[in-house]
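Chemist: Quick one, coords_31.cif (mmCIF, C-alpha atoms):
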```
data_query
loop_
_atom_site.label_atom_id
_atom_site.label_comp_id
_atom_site.auth_asym_id
_atom_site.auth_seq_id
_atom_site.Cartn_x
_atom_site.Cartn_y
_atom_site.Cartn_z
CA MET Q 1 107.96 101.49 136.27
CA ALA Q 2 108.24 99.96 132.94
CA ASN Q 3 108.37 96.29 133.54
CA HIS Q 4 104.81 96.05 134.75
CA THR Q 5 104.75 92.42 133.69
CA THR Q 6 107.34 89.77 133.21
CA VAL Q 7 108.53 89.32 129.65
CA ASP Q 8 107.72 86.10 127.82
CA TYR Q 9 110.51 86.61 125.30
CA LYS Q 10 109.85 83.53 123.16
CA ALA Q 11 106.11 84.13 122.84
CA GLU Q 12 106.49 87.85 122.10
CA LYS Q 13 109.24 87.22 119.56
CA GLY Q 14 107.01 84.67 117.85
CA ARG Q 15 104.20 87.23 117.72
CA TYR Q 16 106.50 89.82 116.13
CA TYR Q 17 107.41 87.37 113.35
CA LYS Q 18 103.79 86.35 112.78
CA VAL Q 19 102.86 90.02 112.37
CA LEU Q 20 105.81 90.51 109.99
CA PHE Q 21 104.66 87.65 107.75
CA GLY Q 22 101.09 88.97 107.85
CA LEU Q 23 102.26 92.42 106.79
CA LEU Q 24 104.48 90.95 104.07
CA ALA Q 25 101.51 88.96 102.74
CA LEU Q 26 99.37 92.10 102.65
CA THR Q 27 102.19 93.98 100.90
CA ALA Q 28 102.32 91.22 98.27
CA LEU Q 29 98.55 91.54 97.91
CA THR Q 30 99.03 95.29 97.37
CA PHE Q 31 101.31 94.52 94.44
CA ILE Q 32 99.21 91.87 92.71
CA GLN Q 33 95.78 93.47 93.25
CA PRO Q 34 95.77 95.87 90.26
CA SER Q 35 96.42 93.02 87.83
CA THR Q 36 94.33 90.30 89.48
CA PHE Q 37 91.11 91.54 91.07
CA MET Q 38 88.85 94.59 91.35
CA ALA Q 39 91.12 96.53 89.01
CA ASP Q 40 88.37 99.05 88.37
CA ASN Q 41 88.58 100.24 91.96
CA THR Q 42 92.31 100.08 92.66
CA PHE Q 43 92.37 103.22 94.80
CA GLY Q 44 89.68 102.00 97.21
CA ILE Q 45 91.08 98.48 97.51
CA GLN Q 46 94.61 99.78 98.07
CA LEU Q 47 93.39 102.02 100.89
CA LEU Q 48 91.43 99.13 102.39
CA ILE Q 49 94.55 96.95 102.44
CA GLY Q 50 96.46 99.90 103.92
CA ALA Q 51 93.83 100.27 106.66
CA VAL Q 52 94.14 96.57 107.57
CA LYS Q 53 97.94 96.89 107.72
CA ALA Q 54 97.62 100.03 109.86
CA TRP Q 55 95.28 98.25 112.28
CA ILE Q 56 97.74 95.35 112.66
CA ILE Q 57 100.66 97.75 113.26
CA LEU Q 58 98.66 99.74 115.82
CA MET Q 59 97.46 96.69 117.72
CA TYR Q 60 100.62 94.58 117.78
CA TYR Q 61 103.69 96.72 117.02
CA MET Q 62 102.44 99.82 118.81
CA HIS Q 63 100.94 97.78 121.65
CA LEU Q 64 97.48 99.34 121.50
CA LYS Q 65 95.80 96.02 122.19
CA GLY Q 66 94.35 96.26 125.69
CA GLU Q 67 95.11 100.00 125.99
CA THR Q 68 91.73 101.52 126.79
CA LEU Q 69 92.63 105.20 127.33
CA ILE Q 70 95.16 105.56 124.51
CA GLY Q 71 93.00 103.38 122.26
CA TRP Q 72 90.02 105.71 122.63
CA THR Q 73 92.28 108.74 122.16
CA VAL Q 74 93.43 107.29 118.85
CA VAL Q 75 89.84 106.48 117.87
CA PHE Q 76 88.89 110.10 118.65
CA ALA Q 77 91.74 111.52 116.52
CA VAL Q 78 90.90 109.18 113.65
CA PHE Q 79 87.22 110.13 113.97
CA ILE Q 80 88.06 113.86 113.79
CA THR Q 81 90.21 113.26 110.70
CA ALA Q 82 87.56 111.03 109.09
CA PHE Q 83 84.82 113.56 109.93
CA PHE Q 84 86.61 116.39 108.12
CA PHE Q 85 87.59 113.97 105.38
CA GLY Q 86 83.87 113.27 104.86
CA ILE Q 87 83.03 116.98 104.77
CA VAL Q 88 85.81 117.59 102.22
CA MET Q 89 84.56 114.72 100.06
CA ILE Q 90 80.98 116.06 100.16
CA ASP Q 91 82.29 119.51 99.33
CA VAL Q 92 84.41 118.34 96.42
CA ASN Q 93 81.47 116.48 94.95
CA HIS Q 94 79.48 119.71 94.94
CA PHE Q 95 82.30 121.98 93.83
CA GLN Q 96 80.79 125.09 92.25
CA PHE Q 97 83.84 127.11 91.28
CA ALA Q 98 85.68 124.83 88.89
CA ASP Q 99 85.87 127.49 86.21
CA VAL Q 100 87.55 130.10 88.39
CA SER Q 101 89.50 128.08 90.94
CA HIS Q 102 93.25 127.62 90.81
CA ILE Q 103 92.96 124.11 92.22
CA THR Q 104 90.94 122.91 89.28
CA SER Q 105 92.82 124.75 86.54
CA PRO Q 106 96.21 126.46 86.34
CA ALA Q 107 96.56 130.13 87.12
CA GLN Q 108 96.51 132.23 83.98
CA MET F 109 113.54 118.72 148.54
CA ALA F 110 115.94 117.74 145.84
CA HIS F 111 119.13 115.75 146.25
CA ASP F 112 122.25 116.84 144.38
CA SER F 113 123.40 114.37 141.80
CA HIS F 114 127.00 113.25 142.49
CA ASP F 115 127.12 110.88 139.58
CA SER F 116 125.39 111.86 136.35
CA HIS F 117 124.92 108.17 135.51
CA GLU F 118 123.15 107.36 138.74
CA TYR F 119 119.41 107.89 139.03
CA ILE F 120 118.73 109.66 142.32
CA PRO F 121 115.06 110.18 143.07
CA GLU F 122 113.71 113.55 144.17
CA ILE F 123 111.96 113.44 147.54
CA ALA F 124 108.91 115.55 148.45
CA VAL F 125 107.70 115.87 152.04
CA ASP F 126 104.00 116.21 152.76
CA ARG F 127 102.42 118.28 155.58
CA ASN F 128 102.67 115.32 157.94
CA GLY F 129 106.41 115.04 157.39
CA LYS F 130 106.08 111.87 155.33
CA GLU F 131 108.52 111.50 152.43
CA HIS F 132 107.40 110.56 148.91
CA VAL F 133 109.46 109.82 145.80
CA VAL F 134 108.68 112.35 143.06
CA GLN F 135 108.05 110.60 139.78
CA GLY F 136 110.39 111.88 137.07
CA TRP F 137 109.66 111.15 133.43
CA GLN F 138 111.92 108.10 133.61
CA GLY F 139 109.83 106.69 136.41
CA ASP F 140 106.40 107.54 135.07
CA PHE F 141 106.02 104.99 132.31
CA ASP F 142 102.30 105.45 131.70
CA GLY F 143 102.46 109.27 131.78
CA ALA F 144 105.43 109.37 129.41
CA LYS F 145 103.70 106.93 127.06
CA LEU F 146 100.43 108.89 127.06
CA GLY F 147 102.31 112.14 126.46
CA PHE F 148 104.14 110.66 123.51
CA TRP F 149 100.91 109.30 122.07
CA LEU F 150 99.44 112.80 122.22
CA PHE F 151 102.46 114.09 120.30
CA MET F 152 102.03 111.32 117.73
CA LEU F 153 98.37 112.21 117.27
CA THR F 154 99.45 115.70 116.22
CA GLU F 155 101.61 114.02 113.59
CA VAL F 156 98.61 111.94 112.48
CA LEU F 157 96.52 115.11 112.16
CA MET F 158 99.28 116.81 110.13
CA PHE F 159 99.68 113.91 107.70
CA GLY F 160 95.91 113.35 107.79
CA ALA F 161 95.38 116.88 106.46
CA MET F 162 97.87 116.15 103.69
CA PHE F 163 96.11 112.92 102.77
CA MET F 164 92.82 114.83 102.70
CA THR F 165 94.33 117.37 100.34
CA LEU F 166 95.65 114.56 98.18
CA SER F 167 92.25 112.86 98.08
CA TYR F 168 90.60 116.17 97.21
CA TYR F 169 92.92 116.73 94.28
CA PHE F 170 92.62 113.07 93.27
CA THR F 171 88.86 113.47 92.99
CA LEU F 172 89.22 116.65 90.94
CA HIS F 173 92.01 115.37 88.67
CA HIS F 174 91.33 111.66 88.61
CA ALA F 175 92.83 110.77 85.21
CA ASP F 176 95.86 113.04 85.63
CA PHE F 177 96.70 111.52 89.01
CA ILE F 178 96.50 107.98 87.66
CA LYS F 179 98.73 108.92 84.72
CA ALA F 180 101.26 110.64 87.01
CA SER F 181 101.25 107.74 89.47
CA SER F 182 102.01 105.29 86.66
CA GLU F 183 105.24 107.23 85.99
CA LEU F 184 106.66 106.47 89.45
CA ASP F 185 109.01 103.53 90.06
CA ARG F 186 106.79 101.02 91.86
CA MET F 187 109.67 98.56 92.29
CA LEU F 188 111.82 101.01 94.27
CA GLY F 189 108.78 102.11 96.27
CA GLY F 190 108.01 98.44 96.99
CA VAL F 191 111.60 97.75 98.07
CA ASN F 192 111.37 100.65 100.51
CA THR F 193 108.05 99.31 101.81
CA VAL F 194 109.69 95.97 102.65
CA VAL F 195 112.80 97.67 104.11
CA LEU F 196 110.64 99.77 106.41
CA LEU F 197 108.56 96.74 107.37
CA ILE F 198 111.66 94.79 108.41
CA SER F 199 113.02 97.81 110.26
CA ALA F 200 109.81 97.91 112.32
CA LEU F 201 110.52 94.29 113.26
CA THR F 202 114.13 94.97 114.28
CA MET F 203 113.03 97.97 116.33
CA GLY F 204 110.35 95.88 118.06
CA LEU F 205 112.75 93.03 118.74
CA GLY F 206 115.27 95.54 120.13
CA LEU F 207 112.68 96.79 122.61
CA LEU F 208 111.78 93.22 123.50
CA LYS F 209 115.44 92.40 124.16
CA MET F 210 115.79 95.51 126.30
CA ARG F 211 112.72 94.58 128.35
CA SER F 212 114.04 91.07 128.86
CA GLY F 213 117.44 92.33 130.03
CA ASP F 214 119.52 91.70 126.90
CA VAL F 215 120.99 95.20 126.53
CA LYS F 216 123.69 94.15 124.05
CA GLY F 217 121.10 92.46 121.83
CA ALA F 218 118.89 95.56 122.05
CA LYS F 219 121.76 97.78 120.88
CA LEU F 220 122.47 95.46 117.96
CA MET F 221 118.82 95.66 116.89
CA ILE F 222 118.89 99.48 117.09
CA TRP F 223 121.98 99.50 114.86
CA ALA F 224 120.19 97.15 112.45
CA THR F 225 117.20 99.50 112.39
CA MET F 226 119.46 102.45 111.65
CA LEU F 227 121.13 100.53 108.83
CA LEU F 228 117.73 99.77 107.31
CA ALA F 229 116.75 103.43 107.70
CA LEU F 230 119.87 104.44 105.78
CA ILE F 231 119.05 101.88 103.07
CA PHE F 232 115.57 103.42 102.84
CA LEU F 233 117.08 106.87 102.36
CA GLY F 234 119.56 105.50 99.81
CA VAL F 235 116.79 103.90 97.75
CA LYS F 236 114.81 107.12 97.98
CA ALA F 237 117.84 109.10 96.78
CA VAL F 238 118.22 106.76 93.78
CA GLU F 239 114.53 107.12 93.02
CA TRP F 240 114.59 110.92 93.19
CA THR F 241 117.74 111.00 91.05
CA ASN F 242 115.99 108.90 88.41
CA ASP F 243 112.97 111.18 88.62
CA PHE F 244 115.24 114.20 88.14
CA LYS F 245 116.82 112.64 85.03
CA GLU F 246 113.35 112.07 83.62
CA GLY F 247 112.45 115.71 84.20
CA ILE F 248 110.30 115.09 87.26
CA PHE F 249 111.54 117.28 90.07
CA LEU F 250 110.42 120.45 91.75
CA GLY F 251 111.70 123.56 89.98
CA LEU F 252 112.54 121.91 86.65
CA PRO F 253 111.16 123.66 83.54
CA SER F 254 109.10 120.58 82.69
CA MET F 255 107.37 120.93 86.07
CA GLN F 256 106.26 124.50 85.47
CA ALA F 257 102.93 125.57 84.02
CA GLY F 258 103.17 125.13 80.26
CA GLY F 259 106.05 122.67 80.60
CA GLY F 260 104.17 119.80 79.02
CA LYS F 261 102.47 118.32 82.06
CA SER F 262 98.82 118.79 82.88
CA PHE F 263 97.79 120.78 85.94
CA GLY F 264 96.66 117.59 87.70
CA GLU F 265 100.03 115.94 87.11
CA LEU F 266 101.83 118.98 88.53
CA LEU F 267 99.64 118.84 91.63
CA PHE F 268 100.34 115.12 92.01
CA PHE F 269 104.11 115.50 91.79
CA GLY F 270 104.01 118.53 94.06
CA MET F 271 102.23 116.46 96.70
CA TYR F 272 104.52 113.49 96.01
CA PHE F 273 107.74 115.41 96.69
CA THR F 274 106.22 117.24 99.66
CA MET F 275 104.89 114.14 101.40
CA THR F 276 107.71 111.71 100.63
CA GLY F 277 110.18 114.48 101.51
CA LEU F 278 108.48 115.13 104.84
CA HIS F 279 108.38 111.40 105.48
CA GLY F 280 112.09 111.15 104.64
CA PHE F 281 112.74 113.99 107.08
CA HIS F 282 111.00 111.92 109.77
CA ILE F 283 113.30 109.00 108.89
CA ILE F 284 116.34 111.26 109.41
CA ILE F 285 114.94 112.43 112.75
CA GLY F 286 114.40 108.76 113.64
CA ILE F 287 118.07 107.99 112.97
CA GLY F 288 119.05 110.90 115.20
CA LEU F 289 116.74 109.65 117.95
CA MET F 290 118.23 106.16 117.71
CA LEU F 291 121.76 107.57 118.04
CA TRP F 292 120.62 109.50 121.11
CA LEU F 293 119.01 106.33 122.48
CA LEU F 294 122.27 104.39 122.03
CA LYS F 295 124.15 107.16 123.85
CA ARG F 296 121.74 106.98 126.77
CA ILE F 297 121.89 103.17 126.85
CA ASN F 298 125.71 103.34 126.93
CA SER F 299 125.58 105.83 129.80
CA GLY F 300 123.16 103.63 131.71
CA LYS F 301 120.31 106.13 131.61
CA VAL F 302 118.18 103.71 129.61
CA SER F 303 118.12 100.23 131.06
CA PRO F 304 115.76 97.26 131.30
CA GLU F 305 114.31 98.91 134.42
CA HIS F 306 113.99 102.39 132.85
CA HIS F 307 113.26 101.87 129.16
CA ILE F 308 110.48 104.39 128.47
CA LEU F 309 112.72 106.33 126.05
CA HIS F 310 113.35 103.15 124.06
CA PHE F 311 109.61 102.38 124.12
CA ASN F 312 108.66 105.84 122.83
CA ILE F 313 111.31 105.89 120.09
CA ALA F 314 110.06 102.46 118.97
CA LEU F 315 106.55 103.98 118.88
CA TYR F 316 107.87 106.86 116.78
CA TRP F 317 109.46 104.43 114.35
CA ASP F 318 106.19 102.49 114.06
CA LEU F 319 104.42 105.77 113.30
CA VAL F 320 106.91 106.50 110.51
CA HIS F 321 106.18 103.02 109.18
CA LEU F 322 102.44 103.56 109.56
CA ILE F 323 102.53 106.75 107.50
CA TRP F 324 104.40 104.95 104.72
CA VAL F 325 101.69 102.26 104.73
CA PHE F 326 99.39 104.95 103.27
CA VAL F 327 101.97 106.99 101.33
CA PHE F 328 102.91 103.96 99.24
CA PRO F 329 99.45 103.01 97.87
CA TYR F 330 98.37 106.65 97.47
CA PHE F 331 101.31 107.60 95.26
CA TYR F 332 102.66 104.41 93.74
CA MET F 333 99.70 102.07 93.39
CA THR F 334 96.82 104.26 92.23
CA GLY F 335 98.32 104.25 88.75
CA ALA F 336 99.24 100.56 88.80
CA GLY F 337 96.23 99.62 86.74
CA ALA F 338 97.25 102.33 84.25
CA ILE F 339 93.82 103.22 82.89
CA HIS F 340 92.03 101.75 85.90
CA GLY F 341 91.19 103.92 88.85
#
```
Could you take the file, read its structure, and then write that structure out as structure tokens?

Modeler:
Amino acid sequence: MANHTTVDYKAEKGRYYKVLFGLLALTALTFIQPSTFMADNTFGIQLLIGAVKAWIILMYYMHLKGETLIGWTVVFAVFITAFFFGIVMIDVNHFQFADVSHITSPAQ
Amino acid sequence: MAHDSHDSHEYIPEIAVDRNGKEHVVQGWQGDFDGAKLGFWLFMLTEVLMFGAMFMTLSYYFTLHHADFIKASSELDRMLGGVNTVVLLISALTMGLGLLKMRSGDVKGAKLMIWATMLLALIFLGVKAVEWTNDFKEGIFLGLPSMQAGGGKSFGELLFFGMYFTMTGLHGFHIIIGIGLMLWLLKRINSGKVSPEHHILHFNIALYWDLVHLIWVFVFPYFYMTGAGAIHG
């Protein structure tokens, strides 16, 4: 079963550490971004950095690199989520019931 | 036909006989690495959809109550949140190295790395407990009078903190489940049921831990960093 391939321990360990340092660098970037660049769009930039970190984790820590079937399954799930996310965002930008809704103002 | 197991530690394959009388080994979950991995990925996608719906809700409210969310976010302790981000990041490394050691035959090293991961998970929960205690002292906790309508906080702030405690609480619950899974994994390694030859359980628990880390990668900026620029959005 499991050991489909022989393990190159040294090379794989090195890759784990490289990914760690990459993720640490991105985490540091997360911290300094609001006070150094594009501070007027912190939310978007933070999510962009988060997406890059997520991609690295998926590819290297979760071993998705080279996984065709599972990779496409993940893409499909992310697409479904993003699709509904888009619909929600369109909806919220055309929200017509702000005066009567309990999600825009507290219940009386 | 199935063979009786005389030794619970020994893996005895089940044998099926086809119409020509030829015997085949039935693949159990321990022997079907790809099937077990795919099945676990499907489970994890349900987790992604659950948290995805929560992130959508959060984004929806953020759009409706932009200024309130930024103000509420600026009240959270970014330093403690950042410490937990690094703790979780390192725990993902120890978990990965543990799996690597298991695959390369170093069972003792793998167990040490699992213990290290559990220790980091406990540190994460400890930091979270300190953070929530501080929040409580400052009047930010579910059920407190200051968190009720008319308690001094705007509706947007109440929504933000409601989502904050719900999502970080659910994430913390996943951390606790992860610790339980790691204890179970250690038990199965000690009994010889997980070994370098049969390590799918270790692989899937490492995947679970990476998912917990992955969710935090978005929880942290959503809650802690959106208010980092104070008046910026």

Chemist: Which residues, written as a list in words, have at least one atom at most 6 Å from range 296-305 of chain F, with only C-alpha atoms counted and residues fewer than 3 positions away on the same chain left out?

Modeler: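 Result of the neighbour search: Met210, Arg211, Gly213 and Leu293 of chain F.
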
Chemist: Could those residues be written to a file, using C-alpha atoms, as a tab-separated table (two decimals), in the coordinates of the input?

Modeler:
```tsv
chain	number	residue	atom	x	y	z
F	210	MET	CA	115.79	95.51	126.30
F	211	ARG	CA	112.72	94.58	128.35
F	213	GLY	CA	117.44	92.33	130.03
F	293	LEU	CA	119.01	106.33	122.48
```

Chemist: Please report as a PyMOL selection string which residues of chain Q come no farther than 7 Å from chain F, using all atoms listed in the file.

Modeler: chain Q and resi 1-3+7+9+13+16+20+34-35+39-43+46-47+50+54+61-62+70+77+81+85+89+92+104-106

Chemist: Write the selection just made, keeping C-alpha atoms, as a PDB file, in the coordinates of the input?

Modeler:
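What follows is the written file result32.pdb:
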```pdb
ATOM      1  CA  MET Q   1     107.960 101.490 136.270  1.00  0.00           C
ATOM      2  CA  ALA Q   2     108.240  99.960 132.940  1.00  0.00           C
ATOM      3  CA  ASN Q   3     108.370  96.290 133.540  1.00  0.00           C
ATOM      4  CA  VAL Q   7     108.530  89.320 129.650  1.00  0.00           C
ATOM      5  CA  TYR Q   9     110.510  86.610 125.300  1.00  0.00           C
ATOM      6  CA  LYS Q  13     109.240  87.220 119.560  1.00  0.00           C
ATOM      7  CA  TYR Q  16     106.500  89.820 116.130  1.00  0.00           C
ATOM      8  CA  LEU Q  20     105.810  90.510 109.990  1.00  0.00           C
ATOM      9  CA  PRO Q  34      95.770  95.870  90.260  1.00  0.00           C
ATOM     10  CA  SER Q  35      96.420  93.020  87.830  1.00  0.00           C
ATOM     11  CA  ALA Q  39      91.120  96.530  89.010  1.00  0.00           C
ATOM     12  CA  ASP Q  40      88.370  99.050  88.370  1.00  0.00           C
ATOM     13  CA  ASN Q  41      88.580 100.240  91.960  1.00  0.00           C
ATOM     14  CA  THR Q  42      92.310 100.080  92.660  1.00  0.00           C
ATOM     15  CA  PHE Q  43      92.370 103.220  94.800  1.00  0.00           C
ATOM     16  CA  GLN Q  46      94.610  99.780  98.070  1.00  0.00           C
ATOM     17  CA  LEU Q  47      93.390 102.020 100.890  1.00  0.00           C
ATOM     18  CA  GLY Q  50      96.460  99.900 103.920  1.00  0.00           C
ATOM     19  CA  ALA Q  54      97.620 100.030 109.860  1.00  0.00           C
ATOM     20  CA  TYR Q  61     103.690  96.720 117.020  1.00  0.00           C
ATOM     21  CA  MET Q  62     102.440  99.820 118.810  1.00  0.00           C
ATOM     22  CA  ILE Q  70      95.160 105.560 124.510  1.00  0.00           C
ATOM     23  CA  ALA Q  77      91.740 111.520 116.520  1.00  0.00           C
ATOM     24  CA  THR Q  81      90.210 113.260 110.700  1.00  0.00           C
ATOM     25  CA  PHE Q  85      87.590 113.970 105.380  1.00  0.00           C
ATOM     26  CA  MET Q  89      84.560 114.720 100.060  1.00  0.00           C
ATOM     27  CA  VAL Q  92      84.410 118.340  96.420  1.00  0.00           C
ATOM     28  CA  THR Q 104      90.940 122.910  89.280  1.00  0.00           C
ATOM     29  CA  SER Q 105      92.820 124.750  86.540  1.00  0.00           C
ATOM     30  CA  PRO Q 106      96.210 126.460  86.340  1.00  0.00           C
TER      31      PRO Q 106
END
```

Chemist: As an exercise, work out the distance from CA of Ile248 in chain F to CA of Val235 in chain F in Å and give it to one decimal place.

Modeler: 16.7 Å

Chemist: Using all atoms listed in the file, pick whichever of Q:Thr30, Q:Ser101, Q:Gln96, Q:Thr68 has the shortest atom-to-atom distance to Ile45 in chain Q.

Modeler: Q:Thr30

Chemist: So, with all atoms listed in the file as the atoms that count, which of F:Phe269, F:Gly217, F:Asn192, F:Val320 lies closest to Ser254 in chain F?

Modeler: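 Ranked by minimum distance to Ser254 in chain F, first place goes to F:Phe269.
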
Chemist: State, in Å with one decimal place, the distance from CA of Phe83 in chain Q to CA of Val52 in chain Q.

Modeler: 19.5 Å

Chemist: Could you name the residues that touch Leu230 in chain F at 9 Å or less, counting only C-alpha atoms, but leaving out those on the same chain fewer than 3 positions away, as a list in words?

Modeler: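 That gives Thr225, Met226, Leu227, Leu233, Gly234, Val235, Ile283, Ile284 and Ile287 of chain F.
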
Chemist: Running the PyMOL selection byres ((chain Q and resi 19) around 9) on this model by hand, what would come out? Give it as an MDAnalysis selection string.

Modeler: (chainID Q and resid 14:18 20:24 56:57 60:61) or (chainID F and resid 201)

Chemist: Which distance in Å separates CA of Met255 in chain F and CA of Phe177 in chain F, to one decimal?

Modeler: 14.5 Å

Chemist: Do you know which residues the PyMOL selection byres ((chain F and resi 240-243) around 12) returns on this file, as an mmCIF file with C-alpha atoms, keeping the file's coordinate frame?

Modeler:
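And here's out32.cif as it stands now:
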```
data_model
loop_
_atom_site.group_PDB
_atom_site.id
_atom_site.type_symbol
_atom_site.label_atom_id
_atom_site.label_comp_id
_atom_site.auth_asym_id
_atom_site.auth_seq_id
_atom_site.Cartn_x
_atom_site.Cartn_y
_atom_site.Cartn_z
ATOM 1 C CA ALA F 180 101.260 110.640 87.010
ATOM 2 C CA GLU F 183 105.240 107.230 85.990
ATOM 3 C CA LEU F 184 106.660 106.470 89.450
ATOM 4 C CA ASP F 185 109.010 103.530 90.060
ATOM 5 C CA LEU F 188 111.820 101.010 94.270
ATOM 6 C CA GLY F 189 108.780 102.110 96.270
ATOM 7 C CA LEU F 233 117.080 106.870 102.360
ATOM 8 C CA GLY F 234 119.560 105.500 99.810
ATOM 9 C CA VAL F 235 116.790 103.900 97.750
ATOM 10 C CA LYS F 236 114.810 107.120 97.980
ATOM 11 C CA ALA F 237 117.840 109.100 96.780
ATOM 12 C CA VAL F 238 118.220 106.760 93.780
ATOM 13 C CA GLU F 239 114.530 107.120 93.020
ATOM 14 C CA PHE F 244 115.240 114.200 88.140
ATOM 15 C CA LYS F 245 116.820 112.640 85.030
ATOM 16 C CA GLU F 246 113.350 112.070 83.620
ATOM 17 C CA GLY F 247 112.450 115.710 84.200
ATOM 18 C CA ILE F 248 110.300 115.090 87.260
ATOM 19 C CA PHE F 249 111.540 117.280 90.070
ATOM 20 C CA LEU F 250 110.420 120.450 91.750
ATOM 21 C CA LEU F 252 112.540 121.910 86.650
ATOM 22 C CA SER F 254 109.100 120.580 82.690
ATOM 23 C CA MET F 255 107.370 120.930 86.070
ATOM 24 C CA PHE F 269 104.110 115.500 91.790
ATOM 25 C CA TYR F 272 104.520 113.490 96.010
ATOM 26 C CA PHE F 273 107.740 115.410 96.690
ATOM 27 C CA THR F 276 107.710 111.710 100.630
ATOM 28 C CA GLY F 277 110.180 114.480 101.510
ATOM 29 C CA GLY F 280 112.090 111.150 104.640
#
```

Chemist: Tell me which of F:Met275, F:Ile231, F:Leu207, F:Ile222 sits closest to Leu291 in chain F, counting all atoms listed in the file.

Modeler: F:Ile222

Chemist: What would range 10-28 of chain Q look like with N, CA and C atoms in place, written as an mmCIF file, in the frame of the given file?

Modeler:
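Dumped everything to selection_9.cif:
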```
data_model
loop_
_atom_site.group_PDB
_atom_site.id
_atom_site.type_symbol
_atom_site.label_atom_id
_atom_site.label_comp_id
_atom_site.auth_asym_id
_atom_site.auth_seq_id
_atom_site.Cartn_x
_atom_site.Cartn_y
_atom_site.Cartn_z
ATOM 1 N N LYS Q 10 110.079 84.444 124.298
ATOM 2 C CA LYS Q 10 109.850 83.530 123.160
ATOM 3 C C LYS Q 10 108.481 83.787 122.511
ATOM 4 N N ALA Q 11 107.465 83.933 123.367
ATOM 5 C CA ALA Q 11 106.110 84.130 122.840
ATOM 6 C C ALA Q 11 105.997 85.478 122.117
ATOM 7 N N GLU Q 12 106.582 86.517 122.714
ATOM 8 C CA GLU Q 12 106.490 87.850 122.100
ATOM 9 C C GLU Q 12 107.282 87.924 120.797
ATOM 10 N N LYS Q 13 108.441 87.256 120.780
ATOM 11 C CA LYS Q 13 109.240 87.220 119.560
ATOM 12 C C LYS Q 13 108.464 86.511 118.445
ATOM 13 N N GLY Q 14 107.818 85.408 118.822
ATOM 14 C CA GLY Q 14 107.010 84.670 117.850
ATOM 15 C C GLY Q 14 105.893 85.541 117.291
ATOM 16 N N ARG Q 15 105.280 86.351 118.157
ATOM 17 C CA ARG Q 15 104.200 87.230 117.720
ATOM 18 C C ARG Q 15 104.722 88.289 116.730
ATOM 19 N N TYR Q 16 105.897 88.826 117.028
ATOM 20 C CA TYR Q 16 106.500 89.820 116.130
ATOM 21 C C TYR Q 16 106.688 89.238 114.726
ATOM 22 N N TYR Q 17 107.176 87.996 114.658
ATOM 23 C CA TYR Q 17 107.410 87.370 113.350
ATOM 24 C C TYR Q 17 106.103 87.053 112.635
ATOM 25 N N LYS Q 18 105.107 86.626 113.397
ATOM 26 C CA LYS Q 18 103.790 86.350 112.780
ATOM 27 C C LYS Q 18 103.235 87.624 112.146
ATOM 28 N N VAL Q 19 103.350 88.738 112.889
ATOM 29 C CA VAL Q 19 102.860 90.020 112.370
ATOM 30 C C VAL Q 19 103.650 90.410 111.121
ATOM 31 N N LEU Q 20 104.979 90.175 111.158
ATOM 32 C CA LEU Q 20 105.810 90.510 109.990
ATOM 33 C C LEU Q 20 105.320 89.753 108.755
ATOM 34 N N PHE Q 21 105.095 88.442 108.914
ATOM 35 C CA PHE Q 21 104.660 87.650 107.750
ATOM 36 C C PHE Q 21 103.272 88.086 107.279
ATOM 37 N N GLY Q 22 102.408 88.452 108.229
ATOM 38 C CA GLY Q 22 101.090 88.970 107.850
ATOM 39 C C GLY Q 22 101.200 90.240 107.035
ATOM 40 N N LEU Q 23 102.070 91.147 107.491
ATOM 41 C CA LEU Q 23 102.260 92.420 106.790
ATOM 42 C C LEU Q 23 102.914 92.214 105.424
ATOM 43 N N LEU Q 24 103.846 91.255 105.353
ATOM 44 C CA LEU Q 24 104.480 90.950 104.070
ATOM 45 C C LEU Q 24 103.449 90.387 103.083
ATOM 46 N N ALA Q 25 102.557 89.533 103.594
ATOM 47 C CA ALA Q 25 101.510 88.960 102.740
ATOM 48 C C ALA Q 25 100.592 90.053 102.204
ATOM 49 N N LEU Q 26 100.231 90.994 103.081
ATOM 50 C CA LEU Q 26 99.370 92.100 102.650
ATOM 51 C C LEU Q 26 100.088 93.011 101.651
ATOM 52 N N THR Q 27 101.408 93.176 101.851
ATOM 53 C CA THR Q 27 102.190 93.980 100.900
ATOM 54 C C THR Q 27 102.208 93.299 99.531
ATOM 55 N N ALA Q 28 102.359 91.971 99.538
ATOM 56 C CA ALA Q 28 102.320 91.220 98.270
ATOM 57 C C ALA Q 28 100.955 91.386 97.608
#
```
